[in-house]
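What follows is entry.txt (compact mmCIF, C-alpha atoms and all ligand atoms).
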# COMPACT_ATOMS: atom_id res chain seq x y z
CA MET A 817 25.60 45.79 -79.88
CA THR A 818 27.67 43.56 -77.62
CA PHE A 819 29.28 43.97 -74.23
CA ASN A 820 32.69 43.85 -75.84
CA SER A 821 34.55 45.75 -73.14
CA ALA A 822 34.00 42.76 -70.81
CA GLU A 823 36.94 41.58 -68.77
CA PHE A 824 37.35 38.68 -66.39
CA GLU A 825 37.65 40.02 -62.87
CA PHE A 826 37.39 37.41 -60.15
CA ALA A 827 36.67 33.72 -59.44
CA CYS A 828 35.58 32.41 -56.08
CA GLY A 829 35.15 28.87 -54.85
CA THR A 830 33.70 29.56 -51.38
CA SER A 831 31.25 32.20 -50.23
CA SER A 832 33.87 33.72 -47.89
CA GLN A 833 35.83 34.75 -51.00
CA LEU A 834 32.93 36.67 -52.55
CA PRO A 835 33.93 40.21 -53.47
CA GLN A 836 31.90 43.20 -52.29
CA SER A 837 28.98 43.94 -54.57
CA THR A 838 30.03 47.18 -56.22
CA LYS A 839 27.88 47.16 -59.39
CA PRO A 840 24.54 45.70 -60.54
CA GLU A 841 24.92 41.94 -61.13
CA VAL A 842 23.46 40.02 -64.08
CA ILE A 843 23.64 36.36 -63.13
CA PHE A 844 23.74 33.25 -65.37
CA SER A 845 22.30 30.11 -63.81
CA GLY A 846 21.55 26.63 -65.11
CA LYS A 847 22.61 23.01 -65.12
CA SER A 848 26.10 21.93 -66.14
CA ASN A 849 26.72 22.01 -69.87
CA VAL A 850 23.54 23.99 -70.69
CA GLY A 851 25.64 26.81 -72.22
CA LYS A 852 26.04 29.57 -69.58
CA SER A 853 29.64 30.35 -70.44
CA SER A 854 28.88 30.14 -74.18
CA LEU A 855 26.05 32.67 -73.77
CA ILE A 856 28.32 35.07 -71.89
CA ASN A 857 30.92 34.81 -74.65
CA LYS A 858 28.31 35.46 -77.35
CA LEU A 859 26.84 38.48 -75.55
CA CYS A 860 30.33 39.89 -75.16
CA GLY A 861 31.28 39.17 -78.77
CA ARG A 862 34.23 37.07 -77.59
CA LYS A 863 35.27 33.50 -78.21
CA ALA A 864 36.95 32.54 -74.98
CA LEU A 865 36.23 35.12 -72.29
CA ALA A 866 34.45 32.47 -70.22
CA ARG A 867 35.94 28.99 -70.55
CA ILE A 868 33.65 26.48 -72.17
CA SER A 869 33.89 22.74 -72.41
CA SER A 870 32.00 19.83 -73.90
CA LYS A 871 32.46 18.12 -70.51
CA PRO A 872 29.93 19.17 -67.86
CA GLY A 873 31.19 20.84 -64.69
CA LYS A 874 33.65 23.19 -66.41
CA THR A 875 32.81 26.26 -64.33
CA ALA A 876 33.27 25.28 -60.68
CA THR A 877 33.60 28.78 -59.24
CA ILE A 878 31.46 31.92 -59.35
CA ASN A 879 33.16 34.04 -62.02
CA PHE A 880 32.71 37.80 -62.23
CA PHE A 881 33.15 39.68 -65.51
CA ASP A 882 33.31 43.45 -65.53
CA VAL A 883 31.27 45.23 -68.22
CA ASP A 884 31.49 49.01 -67.68
CA ASP A 885 28.62 49.75 -65.33
CA PHE A 886 27.66 46.20 -64.33
CA HIS A 887 28.98 42.71 -63.66
CA LEU A 888 28.13 39.49 -65.47
CA VAL A 889 28.22 36.59 -63.00
CA ASP A 890 28.79 33.05 -64.33
CA LEU A 891 27.56 30.50 -61.78
CA PRO A 892 28.83 26.92 -61.60
CA GLY A 893 26.27 24.52 -63.08
CA TYR A 894 24.11 22.17 -61.04
CA GLY A 895 22.73 18.71 -61.68
CA TYR A 896 25.83 16.90 -62.89
CA ALA A 897 25.49 13.39 -61.47
CA LYS A 898 29.20 12.52 -61.49
CA VAL A 899 30.40 15.04 -58.90
CA SER A 900 31.26 13.93 -55.36
CA LYS A 901 29.05 14.58 -52.34
CA ALA A 902 31.66 16.99 -50.99
CA GLU A 903 31.62 18.93 -54.27
CA LYS A 904 27.81 19.11 -54.21
CA GLN A 905 28.00 20.48 -50.66
CA ARG A 906 30.54 23.09 -51.72
CA TRP A 907 28.24 24.11 -54.58
CA ALA A 908 25.26 24.46 -52.22
CA GLU A 909 27.27 26.49 -49.73
CA LEU A 910 28.53 28.77 -52.48
CA MET A 911 25.07 29.36 -53.98
CA GLU A 912 23.37 29.94 -50.62
CA GLY A 913 26.19 32.21 -49.52
CA TYR A 914 25.89 34.23 -52.71
CA PHE A 915 22.10 34.61 -52.83
CA ASP A 916 21.88 35.29 -49.05
CA GLN A 917 24.14 38.31 -49.30
CA GLU A 918 22.92 41.87 -49.69
CA ARG A 919 24.02 42.34 -53.26
CA ALA A 920 22.92 44.48 -56.19
CA PHE A 921 21.07 41.61 -57.88
CA CYS A 922 19.75 43.01 -61.11
CA LEU A 923 18.61 40.11 -63.31
CA VAL A 924 18.98 36.34 -63.26
CA VAL A 925 19.28 34.72 -66.68
CA GLN A 926 18.14 31.14 -66.08
CA LEU A 927 19.19 28.76 -68.87
CA LEU A 928 17.35 25.63 -69.98
CA ASP A 929 18.33 23.26 -72.79
CA MET A 930 15.65 23.80 -75.42
CA ARG A 931 15.88 20.19 -76.57
CA HIS A 932 14.66 18.70 -73.30
CA LYS A 933 11.97 18.92 -70.68
CA PRO A 934 13.19 20.96 -67.68
CA THR A 935 14.64 18.73 -64.95
CA GLN A 936 13.59 18.68 -61.28
CA ASP A 937 16.75 20.70 -60.53
CA ASP A 938 15.71 23.29 -63.14
CA ILE A 939 12.22 23.56 -61.67
CA GLY A 940 13.74 23.83 -58.17
CA MET A 941 15.95 26.70 -59.31
CA ILE A 942 13.07 28.51 -61.06
CA SER A 943 10.89 28.05 -57.93
CA PHE A 944 13.66 29.60 -55.86
CA LEU A 945 13.90 32.57 -58.25
CA HIS A 946 10.13 32.96 -58.43
CA ASN A 947 9.69 32.86 -54.64
CA SER A 948 12.65 35.14 -53.97
CA GLY A 949 11.12 37.90 -56.10
CA LEU A 950 14.37 38.36 -58.06
CA PRO A 951 13.77 39.52 -61.64
CA TYR A 952 14.59 36.68 -64.02
CA ILE A 953 14.21 35.52 -67.60
CA VAL A 954 14.60 32.04 -69.08
CA VAL A 955 16.93 31.52 -72.03
CA LEU A 956 16.38 28.31 -74.02
CA THR A 957 19.76 27.22 -75.35
CA LYS A 958 20.97 25.12 -78.30
CA LEU A 959 18.20 26.33 -80.61
CA ASP A 960 20.39 25.39 -83.59
CA LYS A 961 20.20 21.72 -82.58
CA LEU A 962 16.44 21.60 -83.15
CA LYS A 963 14.76 21.01 -86.48
CA LYS A 964 12.47 23.85 -87.59
CA SER A 965 9.46 21.64 -86.96
CA GLU A 966 10.59 21.00 -83.36
CA VAL A 967 11.09 24.62 -82.31
CA ASN A 968 7.46 25.54 -81.65
CA LYS A 969 6.68 22.10 -80.26
CA ASN A 970 9.48 22.36 -77.68
CA LEU A 971 8.60 25.95 -76.85
CA ALA A 972 5.06 24.82 -76.07
CA MET A 973 6.28 21.78 -74.09
CA ILE A 974 8.60 23.90 -71.94
CA GLY A 975 5.92 26.59 -71.47
CA GLU A 976 3.48 23.90 -70.35
CA THR A 977 6.01 22.41 -67.87
CA LEU A 978 6.56 25.86 -66.35
CA LYS A 979 2.97 27.09 -66.45
CA GLU A 980 2.77 27.40 -62.64
CA PHE A 981 5.20 30.34 -62.90
CA ASP A 982 3.11 33.28 -64.07
CA ASP A 983 4.46 35.66 -66.70
CA ILE A 984 7.61 33.61 -67.34
CA ARG A 985 9.58 35.03 -70.27
CA LEU A 986 11.25 32.51 -72.62
CA PHE A 987 14.03 33.51 -75.03
CA PRO A 988 15.23 30.87 -77.54
CA PHE A 989 18.94 31.28 -78.24
CA SER A 990 21.81 29.69 -80.13
CA ALA A 991 25.42 30.33 -79.19
CA GLN A 992 26.35 28.86 -82.55
CA THR A 993 24.36 31.23 -84.79
CA GLY A 994 23.84 34.09 -82.33
CA GLU A 995 20.06 33.93 -82.91
CA GLY A 996 18.25 35.47 -79.95
CA ALA A 997 21.27 37.38 -78.60
CA GLU A 998 19.94 40.86 -79.44
CA SER A 999 16.74 40.36 -77.44
CA ILE A 1000 18.68 39.10 -74.42
CA ILE A 1001 21.06 42.07 -74.61
CA GLY A 1002 18.00 44.34 -74.72
CA VAL A 1003 16.53 42.84 -71.55
CA ILE A 1004 19.90 43.04 -69.76
CA ASN A 1005 20.35 46.70 -70.72
CA GLU A 1006 16.86 47.54 -69.51
CA SER A 1007 17.42 45.76 -66.20
CA VAL A 1008 20.71 47.58 -65.60
CA GLU A 1009 19.17 50.98 -66.38
CA GLU A 1010 16.25 50.50 -63.99
P1 LIG B 1 29.38 24.36 -66.91
O1 LIG B 1 30.45 25.40 -66.83
O2 LIG B 1 29.89 22.95 -66.90
O3 LIG B 1 28.30 24.57 -65.90
O4 LIG B 1 28.70 24.45 -68.37
P2 LIG B 1 28.13 25.73 -69.12
O5 LIG B 1 26.67 25.87 -68.84
O6 LIG B 1 28.97 26.94 -68.90
O7 LIG B 1 28.23 25.26 -70.66
P3 LIG B 1 29.29 25.68 -71.78
O8 LIG B 1 29.04 27.08 -72.21
O9 LIG B 1 30.66 25.31 -71.31
O10 LIG B 1 28.82 24.76 -73.00
C1 LIG B 1 28.78 23.34 -72.89
C2 LIG B 1 28.85 22.71 -74.29
O11 LIG B 1 27.67 23.04 -75.03
C3 LIG B 1 30.02 23.21 -75.14
O12 LIG B 1 30.48 22.14 -75.92
C4 LIG B 1 29.39 24.28 -76.02
O13 LIG B 1 30.07 24.46 -77.24
C5 LIG B 1 28.00 23.70 -76.25
N1 LIG B 1 26.98 24.74 -76.49
C6 LIG B 1 26.61 25.74 -75.67
N2 LIG B 1 25.64 26.49 -76.21
C7 LIG B 1 25.37 25.96 -77.42
C8 LIG B 1 24.45 26.28 -78.49
O14 LIG B 1 23.65 27.22 -78.42
N3 LIG B 1 24.49 25.48 -79.60
C9 LIG B 1 25.33 24.41 -79.70
N4 LIG B 1 25.26 23.68 -80.82
N5 LIG B 1 26.20 24.07 -78.74
C10 LIG B 1 26.23 24.83 -77.62
MG MG B 2 30.51 27.27 -67.62
Could you rewrite the structure in this file as structure tokens?
Ligand code: GTP
Ligand code: MG
Amino acid sequence: MTFNSAEFEFACGTSSQLPQSTKPEVIFSGKSNVGKSSLINKLCGRKALARISSKPGKTATINFFDVDDFHLVDLPGYGYAKVSKAEKQRWAELMEGYFDQERAFCLVVQLLDMRHKPTQDDIGMISFLHNSGLPYIVVLTKLDKLKKSEVNKNLAMIGETLKEFDDIRLFPFSAQTGEGAESIIGVINESVEE
């Protein structure tokens, strides 16, 4: 099953432009280039619903996609060194403005690149999610870029780096092969039904 009725609805660049929260929101968070937009496209069974790019910093706005009874929310990525100070400030204002609002937050899908150790920014974001009490899962992207022998090793390395966060749920995923998509769709469906 995919969310193939998904349609792009709204993009906002400042928190004052945020639309009213009318449906449960499933949010995609992670550093630039980790694969947020690619994951959304895969879950929706579409090639170019969310714009993707090999250059980091492609999604600079919060983008809302309508899927029947919920919204998918594509957040702009963090941690890209080459953006200006002003742009970093705009990002921070947008994120704080979004998470401070009374919205129907349903699930945060936090993405990490499965090839690498989580960065300080990643750990900061996961700490924020953990402390806020928002339900979240961690999707490990670019599974197809790892050799078979590296998969379990990296899973253990990432689990070890995040061991302070109890009960963290890790979902390896590849946007290229679609491996892992069904499990993520299952968790999203459960969270929306709750
Ligand atoms: P920003 O919008 O800049 O924050 O990036 P993003 O997190 O939305 O990443 P995006 O989906 O645009 O993907 C970035 C690059 O990684 C693109 O070239 C994608 O094709 C590639 N990519 C994403 N996921 C995967 C994956 O699972 N496997 C492989 N091989 N490439 C991937
Ligand atoms: Mg993107």
For ligand MG 2 (chain B), list the contacting residues at 10 Å or closer, counting all atoms listed in the file, as a PyMOL selection string. chain A and resi 844-856+866-879+890-893
May I ask which of the residues A:Thr935, A:Gly829, A:Cys922, A:Leu859 is the closest one to A:Tyr896, counting all atoms listed in the file?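 Residue with the minimum atom-to-atom distance to A:Tyr896: A:Thr935.
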Would you work out the distance separating atom CA of A:Gly996 from atom N4 of ligand LIG 1 (chain B), expressed in Å to one decimal?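 Atom CA of A:Gly996 sits 13.7 Å away from atom N4 of ligand LIG 1 (chain B).
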Atom CA of A:Asn968 to atom CA of A:Phe989, distance in Å rounded to a single decimal: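 Here the two named atoms are 13.3 Å from each other.
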Pick out the residues sitting within 12 Å of A:Ser948, and hand them over as number ranges by chain; count only C-alpha atoms, and ignore anything fewer than 6 positions along from it in its own chain. A: 915-916, 921, 924, 941-942
Gap from atom CA of A:Ile843 to atom CA of A:Ile953 - Å, one decimal: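 Distance between the two atoms: 10.5 Å.
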Name the residues in contact with stretch 973-986 of chain A at a cut-off of 12 Å, using only C-alpha atoms, excluding same-chain residues fewer than 5 positions from it; report them as JSON, numbers by chain. {"A": [924, 925, 926, 927, 928, 929, 930, 931, 932, 933, 934, 935, 936, 938, 939, 940, 941, 942, 943, 944, 945, 946, 947, 949, 951, 952, 953, 954, 955, 956, 957, 966, 967, 968, 996, 999, 1000, 1003]}
Test item: axis-aligned box, all listed atoms of ligand LIG 1 (chain B), 4 Å on each side, centre and edges in Å rounded to one decimal, as AutoDock Vina command-line options:
--center_x 27.2 --center_y 24.7 --center_z -73.4 --size_x 15.0 --size_y 13.1 --size_z 22.9
Could you check the closest approach to ligand LIG 1 (chain B) for each of A:Arg919, A:Lys863, A:Glu1010, A:Glu998 and tell me which residue wins, using all atoms listed in the file?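 The answer is A:Lys863, which sits nearest to ligand LIG 1 (chain B).
You can rank A:Ser900, A:Asn970, A:Asn857, A:Gln917 by their closest distance to ligand LIG 1 (chain B) using only C-alpha atoms and all ligand atoms, and at the top of that list sits A:Asn857.
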Model the absent atoms of stretch 946-974 of chain A so that N, CA and C atoms are present, and write the result as a short mmCIF file (atom, residue, chain, number, x, y, z; two decimals), in the coordinates of the input.
data_model
loop_
_atom_site.label_atom_id
_atom_site.label_comp_id
_atom_site.auth_asym_id
_atom_site.auth_seq_id
_atom_site.Cartn_x
_atom_site.Cartn_y
_atom_site.Cartn_z
N HIS A 946 11.50 32.45 -58.46
CA HIS A 946 10.13 32.96 -58.43
C HIS A 946 9.77 33.42 -57.01
N ASN A 947 10.08 32.55 -56.03
CA ASN A 947 9.69 32.86 -54.64
C ASN A 947 10.54 33.98 -54.04
N SER A 948 11.76 34.12 -54.54
CA SER A 948 12.65 35.14 -53.97
C SER A 948 12.27 36.54 -54.47
N GLY A 949 11.50 36.60 -55.55
CA GLY A 949 11.12 37.90 -56.10
C GLY A 949 12.23 38.54 -56.94
N LEU A 950 13.31 37.81 -57.19
CA LEU A 950 14.37 38.36 -58.06
C LEU A 950 13.85 38.43 -59.49
N PRO A 951 14.17 39.50 -60.23
CA PRO A 951 13.77 39.52 -61.64
C PRO A 951 14.56 38.46 -62.41
N TYR A 952 13.87 37.70 -63.25
CA TYR A 952 14.59 36.68 -64.02
C TYR A 952 13.93 36.48 -65.38
N ILE A 953 14.73 35.98 -66.32
CA ILE A 953 14.21 35.52 -67.60
C ILE A 953 14.75 34.11 -67.83
N VAL A 954 14.13 33.38 -68.76
CA VAL A 954 14.60 32.04 -69.08
C VAL A 954 15.10 32.04 -70.52
N VAL A 955 16.36 31.66 -70.69
CA VAL A 955 16.93 31.52 -72.03
C VAL A 955 16.96 30.04 -72.38
N LEU A 956 16.42 29.71 -73.55
CA LEU A 956 16.38 28.31 -74.02
C LEU A 956 17.54 28.11 -74.99
N THR A 957 18.51 27.32 -74.60
CA THR A 957 19.76 27.22 -75.35
C THR A 957 19.72 26.11 -76.40
N LYS A 958 20.72 26.16 -77.28
CA LYS A 958 20.97 25.12 -78.30
C LYS A 958 19.84 25.05 -79.33
N LEU A 959 19.25 26.20 -79.59
CA LEU A 959 18.20 26.33 -80.61
C LEU A 959 18.62 25.73 -81.95
N ASP A 960 19.91 25.90 -82.29
CA ASP A 960 20.39 25.39 -83.59
C ASP A 960 20.33 23.88 -83.69
N LYS A 961 20.24 23.19 -82.54
CA LYS A 961 20.20 21.72 -82.58
C LYS A 961 18.80 21.17 -82.83
N LEU A 962 17.81 22.05 -82.89
CA LEU A 962 16.44 21.60 -83.15
C LEU A 962 16.10 21.78 -84.61
N LYS A 963 15.30 20.85 -85.13
CA LYS A 963 14.76 21.01 -86.48
C LYS A 963 13.71 22.11 -86.42
N LYS A 964 13.49 22.78 -87.53
CA LYS A 964 12.47 23.85 -87.59
C LYS A 964 11.14 23.40 -87.01
N SER A 965 10.77 22.16 -87.38
CA SER A 965 9.46 21.64 -86.96
C SER A 965 9.40 21.40 -85.45
N GLU A 966 10.58 21.30 -84.81
CA GLU A 966 10.59 21.00 -83.36
C GLU A 966 10.56 22.27 -82.51
N VAL A 967 10.92 23.40 -83.10
CA VAL A 967 11.09 24.62 -82.31
C VAL A 967 9.81 25.01 -81.57
N ASN A 968 8.70 25.14 -82.31
CA ASN A 968 7.46 25.54 -81.65
C ASN A 968 6.93 24.47 -80.71
N LYS A 969 7.13 23.23 -81.10
CA LYS A 969 6.68 22.10 -80.26
C LYS A 969 7.40 22.15 -78.89
N ASN A 970 8.72 22.35 -78.93
CA ASN A 970 9.48 22.36 -77.68
C ASN A 970 9.18 23.60 -76.86
N LEU A 971 8.96 24.71 -77.55
CA LEU A 971 8.60 25.95 -76.85
C LEU A 971 7.31 25.73 -76.06
N ALA A 972 6.35 25.09 -76.72
CA ALA A 972 5.06 24.82 -76.07
C ALA A 972 5.23 23.83 -74.92
N MET A 973 6.06 22.80 -75.12
CA MET A 973 6.28 21.78 -74.09
C MET A 973 6.93 22.42 -72.85
N ILE A 974 7.91 23.27 -73.07
CA ILE A 974 8.60 23.90 -71.94
C ILE A 974 7.65 24.90 -71.24
#
